[in-house]
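Presented below is the structure to which this report refers.
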Amino acid sequence: MGKAKRALAEEPAASDDDALLALLAAGLRLQSTDSLWRVSGNTLAHRALLREAGGNWNRLDQCWDFSGEDPTEKLAAALEAAPATAGHNSGAPTEPKPHYHGHRGRVRERVLRAGIESLPDYELLELLLFYAIDRIDTKPLAKKLIERFGTLGDIFAAEPAQLREFEIDQRTLVLFRAVRESGRRLAERKVKDMPVLTNWQQLIDYCHAALAHEKTEQFRILFLDRKNVLIADEVQQRGTIDHTPVYPREVVKRARDLGAAALILVHNHPSGDPKPSRDDIEMTKEIRKAAEALGISIHDHLVIGRKGHASFRSLGLLC
């Protein structure tokens with residue numbers, strides 16, 4: 001049991017009570033393990049005090065870490081001696097301005113003046129990181145992420161464990177997820193409620209936004225009405241890195257439930273190579289046979305990879 005828990009279990013000294021109450025009154029919460037004390041809560045207003053007391057800002061977990069002895073008494077005394085200050089947790093108000101001071105403002109002004117289209121990927125990522133990570137130069141981090149993952153799409157779709165190697169915290173992770181979902185929804189709007197066969201490139205763009213950077217296989221179905229307008233886009237199955245189980249009977253049952261007249265099958269290859277496999281071909285034949293028995297057409301089967309896409313119809317595999 002940690003020190004903080006033992007202190008609650010035993011009869012504490014009055015001074016210990018007073019110190020804990022002082023921290024709670026300041027909005028600070030203290031937790032401990034066997035070798036580490038962590039202070040969270042209203043740390044923003046007390047960042048200078050916590051730093052001077054020997055704390056280290058933990059940006060990943062958004063708290064101040066203290067090693068060694070219980071810092072409760074020291075923090076309580078410091079709170080009593082000095083008023084709370086305002087500012088950012090990890091800022092250093094007495095230090096000289098860093099070399100990148102004003103850089104964020106200059107980047108924003110450049111975007112407003114000349115547009116964002118000309119920014120290379122690393123600068124666009126740097127700009128996004130402005131809104132998740134405070135008071136550090138985000139350009140080196142942006143370049144490291146591009147070097148590691150290759151594309152913006154791969155960065156936004158990366159697993160949390162992979163991003164944690166670069167000290168990406170939860171705030172930034174949520175931003176990445178939101179940007180990726182925003183891109184998918186914007187692409188979806190271009191194909192929703194419109195005849196997809198006359199908006200084929202928009203459909204391909206949407207499928208890429210939804211699937212190209214997934215780390216495991218997904219099998220999606222686009223359900224179309226008699227005018228080839230998209231009724232629904234649903235994930236039918238999720239699989240492993242190289243296999244997704246698909247059941248033709250479930251596919252056609254769902255099509256009947258939605259009143260679909262035609263289907264476009266879509267799945268991804270996490271390897272990046274969209275070339276259809278033998279299993280892909282056999283599975284498509286089974287679904288087509290089951291669907292056509294009920295008067296439902298299969299317009300195409302698209303395989304999506306980071307290197308492009310493959311169309312069964314274009315390859316002559318639906319003849």
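Here, A, B, ... name the chains of the structure tokens in the order displayed, residue numbers run from 1 inside each chain, and ligands are numbered from 1 in the same displayed order.
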Name all residues at most 10 Å from A:Ile221 (count only C-alpha atoms; drop same-chain ones fewer than 6 positions away) and give them as a ChimeraX atom specification. /A:232-237,251,254-255,263-267,301
Just write the chosen residues, all heavy atoms, as a compact mmCIF listing (two decimals), in the first residue's frame.
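Output contents, as saved in again_30.txt:
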# COMPACT_ATOMS: atom_id res chain seq x y z
N ALA A 232 -26.83 3.49 -47.52
CA ALA A 232 -26.07 3.30 -46.28
C ALA A 232 -24.68 2.78 -46.61
O ALA A 232 -24.46 2.15 -47.64
CB ALA A 232 -26.79 2.32 -45.35
N ASP A 233 -23.76 3.10 -45.71
CA ASP A 233 -22.39 2.57 -45.77
C ASP A 233 -22.14 1.93 -44.43
O ASP A 233 -22.14 2.62 -43.40
CB ASP A 233 -21.41 3.71 -46.05
CG ASP A 233 -19.96 3.31 -45.78
OD1 ASP A 233 -19.67 2.09 -45.82
OD2 ASP A 233 -19.13 4.19 -45.51
N GLU A 234 -21.93 0.64 -44.41
CA GLU A 234 -21.80 -0.06 -43.14
C GLU A 234 -20.57 -0.96 -43.13
O GLU A 234 -20.22 -1.55 -44.17
CB GLU A 234 -23.04 -0.92 -42.86
CG GLU A 234 -24.31 -0.10 -42.70
CD GLU A 234 -25.52 -0.96 -42.37
OE1 GLU A 234 -25.40 -2.21 -42.39
OE2 GLU A 234 -26.58 -0.39 -42.11
N VAL A 235 -19.94 -1.06 -41.97
CA VAL A 235 -18.86 -2.02 -41.77
C VAL A 235 -19.50 -3.36 -41.45
O VAL A 235 -20.14 -3.52 -40.41
CB VAL A 235 -17.92 -1.58 -40.64
CG1 VAL A 235 -16.83 -2.63 -40.41
CG2 VAL A 235 -17.29 -0.23 -40.94
N GLN A 236 -19.32 -4.31 -42.35
CA GLN A 236 -19.94 -5.62 -42.17
C GLN A 236 -19.11 -6.49 -41.24
O GLN A 236 -19.63 -7.19 -40.38
CB GLN A 236 -20.11 -6.30 -43.53
CG GLN A 236 -20.78 -7.66 -43.48
CD GLN A 236 -22.28 -7.55 -43.26
OE1 GLN A 236 -22.81 -6.46 -43.27
NE2 GLN A 236 -22.95 -8.67 -43.07
N GLN A 237 -17.78 -6.46 -41.42
CA GLN A 237 -16.90 -7.28 -40.59
C GLN A 237 -15.57 -6.55 -40.39
O GLN A 237 -15.14 -5.78 -41.24
CB GLN A 237 -16.61 -8.63 -41.26
CG GLN A 237 -17.81 -9.55 -41.37
CD GLN A 237 -18.27 -10.11 -40.05
OE1 GLN A 237 -17.51 -10.14 -39.09
NE2 GLN A 237 -19.52 -10.54 -39.98
N VAL A 251 -24.72 -10.67 -45.75
CA VAL A 251 -24.65 -9.53 -46.67
C VAL A 251 -26.00 -9.33 -47.36
O VAL A 251 -26.55 -8.23 -47.39
CB VAL A 251 -23.53 -9.73 -47.71
CG1 VAL A 251 -23.59 -8.63 -48.76
CG2 VAL A 251 -22.17 -9.74 -47.03
N ARG A 254 -28.89 -8.21 -45.00
CA ARG A 254 -28.86 -6.79 -44.68
C ARG A 254 -29.32 -5.95 -45.87
O ARG A 254 -30.02 -4.94 -45.70
CB ARG A 254 -27.44 -6.38 -44.26
CG ARG A 254 -27.31 -4.94 -43.82
CD ARG A 254 -28.23 -4.62 -42.67
NE ARG A 254 -28.08 -3.25 -42.23
CZ ARG A 254 -29.00 -2.58 -41.53
NH1 ARG A 254 -30.15 -3.18 -41.21
NH2 ARG A 254 -28.78 -1.33 -41.16
N ALA A 255 -28.97 -6.37 -47.08
CA ALA A 255 -29.41 -5.66 -48.28
C ALA A 255 -30.92 -5.68 -48.40
O ALA A 255 -31.55 -4.66 -48.74
CB ALA A 255 -28.76 -6.28 -49.52
N LEU A 263 -25.19 -3.30 -54.72
CA LEU A 263 -24.15 -3.19 -53.70
C LEU A 263 -22.82 -2.84 -54.35
O LEU A 263 -22.55 -3.22 -55.48
CB LEU A 263 -23.98 -4.52 -52.94
CG LEU A 263 -25.22 -5.18 -52.33
CD1 LEU A 263 -24.82 -6.53 -51.73
CD2 LEU A 263 -25.85 -4.28 -51.28
N ILE A 264 -22.01 -2.13 -53.61
CA ILE A 264 -20.59 -2.00 -53.93
C ILE A 264 -19.84 -2.52 -52.71
O ILE A 264 -20.01 -2.02 -51.59
CB ILE A 264 -20.19 -0.54 -54.22
CG1 ILE A 264 -20.92 -0.04 -55.47
CG2 ILE A 264 -18.68 -0.43 -54.43
CD1 ILE A 264 -20.66 1.43 -55.79
N LEU A 265 -19.04 -3.54 -52.92
CA LEU A 265 -18.25 -4.13 -51.83
C LEU A 265 -16.92 -3.39 -51.74
O LEU A 265 -16.33 -3.04 -52.76
CB LEU A 265 -18.01 -5.62 -52.11
CG LEU A 265 -19.23 -6.45 -52.53
CD1 LEU A 265 -18.81 -7.88 -52.82
CD2 LEU A 265 -20.31 -6.41 -51.46
N VAL A 266 -16.47 -3.16 -50.52
CA VAL A 266 -15.21 -2.45 -50.32
C VAL A 266 -14.45 -3.08 -49.15
O VAL A 266 -15.06 -3.35 -48.10
CB VAL A 266 -15.44 -0.95 -49.99
CG1 VAL A 266 -14.11 -0.19 -50.00
CG2 VAL A 266 -16.42 -0.30 -50.95
N HIS A 267 -13.19 -3.36 -49.36
CA HIS A 267 -12.37 -3.74 -48.22
C HIS A 267 -10.95 -3.23 -48.44
O HIS A 267 -10.60 -2.80 -49.54
CB HIS A 267 -12.41 -5.26 -47.94
CG HIS A 267 -11.48 -6.08 -48.76
ND1 HIS A 267 -11.74 -6.46 -50.07
CD2 HIS A 267 -10.26 -6.63 -48.47
CE1 HIS A 267 -10.75 -7.20 -50.53
NE2 HIS A 267 -9.82 -7.31 -49.58
N HIS A 301 -16.38 -4.40 -56.66
CA HIS A 301 -15.70 -4.69 -55.40
C HIS A 301 -14.39 -3.92 -55.45
O HIS A 301 -13.54 -4.15 -56.32
CB HIS A 301 -15.45 -6.20 -55.25
CG HIS A 301 -14.84 -6.57 -53.93
ND1 HIS A 301 -14.71 -7.88 -53.51
CD2 HIS A 301 -14.33 -5.81 -52.92
CE1 HIS A 301 -14.13 -7.91 -52.31
NE2 HIS A 301 -13.89 -6.65 -51.95
Apply DSSP to the backbone of this structure and, from stretch 180-230 of chain A, keep only the residues in strand (DSSP E or B); write these as a PDB file with N, CA and C atoms, in the first residue's frame.
ATOM      1  N   LYS A 192     -22.883  11.149 -50.534  1.00  0.00           N
ATOM      2  CA  LYS A 192     -24.157  10.843 -49.888  1.00  0.00           C
ATOM      3  C   LYS A 192     -25.306  11.485 -50.667  1.00  0.00           C
ATOM      4  N   PRO A 195     -26.141   9.902 -56.995  1.00  0.00           N
ATOM      5  CA  PRO A 195     -25.854   8.666 -57.750  1.00  0.00           C
ATOM      6  C   PRO A 195     -24.345   8.406 -57.769  1.00  0.00           C
ATOM      7  N   GLN A 218     -11.022  -4.290 -42.930  1.00  0.00           N
ATOM      8  CA  GLN A 218     -12.445  -4.034 -42.750  1.00  0.00           C
ATOM      9  C   GLN A 218     -13.164  -4.378 -44.044  1.00  0.00           C
ATOM     10  N   PHE A 219     -14.334  -4.951 -43.912  1.00  0.00           N
ATOM     11  CA  PHE A 219     -15.172  -5.222 -45.084  1.00  0.00           C
ATOM     12  C   PHE A 219     -16.410  -4.347 -44.966  1.00  0.00           C
ATOM     13  N   ARG A 220     -16.527  -3.390 -45.880  1.00  0.00           N
ATOM     14  CA  ARG A 220     -17.652  -2.453 -45.864  1.00  0.00           C
ATOM     15  C   ARG A 220     -18.563  -2.748 -47.049  1.00  0.00           C
ATOM     16  N   ILE A 221     -19.817  -2.364 -46.891  1.00  0.00           N
ATOM     17  CA  ILE A 221     -20.781  -2.507 -47.987  1.00  0.00           C
ATOM     18  C   ILE A 221     -21.463  -1.167 -48.193  1.00  0.00           C
ATOM     19  N   LEU A 222     -21.488  -0.720 -49.462  1.00  0.00           N
ATOM     20  CA  LEU A 222     -22.250   0.458 -49.844  1.00  0.00           C
ATOM     21  C   LEU A 222     -23.565  -0.038 -50.446  1.00  0.00           C
ATOM     22  N   PHE A 223     -24.662   0.296 -49.799  1.00  0.00           N
ATOM     23  CA  PHE A 223     -25.986  -0.142 -50.239  1.00  0.00           C
ATOM     24  C   PHE A 223     -26.612   0.957 -51.100  1.00  0.00           C
ATOM     25  N   LEU A 224     -27.064   0.608 -52.298  1.00  0.00           N
ATOM     26  CA  LEU A 224     -27.600   1.580 -53.245  1.00  0.00           C
ATOM     27  C   LEU A 224     -29.069   1.275 -53.558  1.00  0.00           C
ATOM     28  N   VAL A 229     -28.333   5.640 -55.739  1.00  0.00           N
ATOM     29  CA  VAL A 229     -28.048   6.600 -54.671  1.00  0.00           C
ATOM     30  C   VAL A 229     -27.692   5.820 -53.413  1.00  0.00           C
ATOM     31  N   LEU A 230     -26.689   6.291 -52.717  1.00  0.00           N
ATOM     32  CA  LEU A 230     -26.211   5.595 -51.522  1.00  0.00           C
ATOM     33  C   LEU A 230     -27.259   5.637 -50.412  1.00  0.00           C
TER      34      LEU A 230
END
Kindly indicate which residue among A:Cys63, A:Ala48, A:Ile155, A:Ala77 lies nearest to A:Leu36, using only C-alpha atoms for the distances. A:Cys63
List the spatial neighbours of A:Glu52 as a ChimeraX atom specification - criterion: any atom at most 12 Å away, only C-alpha atoms, same-chain residues fewer than 2 positions off excluded. /A:46-50,54-57,64,66,71,74-75,78-79,82,92
Which is closest to A:Arg288 among A:Leu127, A:Leu21, A:Ile304, A:Val252, if we use only C-alpha atoms?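 Counting only C-alpha atoms, the residue closest to A:Arg288 is A:Val252.
When only C-alpha atoms are used to compute distances to A:Gly150, the closest of the residues A:Arg306, A:Leu119, A:Ala132, A:Gly183 turns out to be A:Arg306.
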Could you give me, as a VMD selection string, each residue of stretch 182-299 of chain A that DSSP assigns to alpha helix (DSSP H) when run on this structure's backbone? chain A and resid 182 to 189 200 to 211 248 to 258 278 to 292
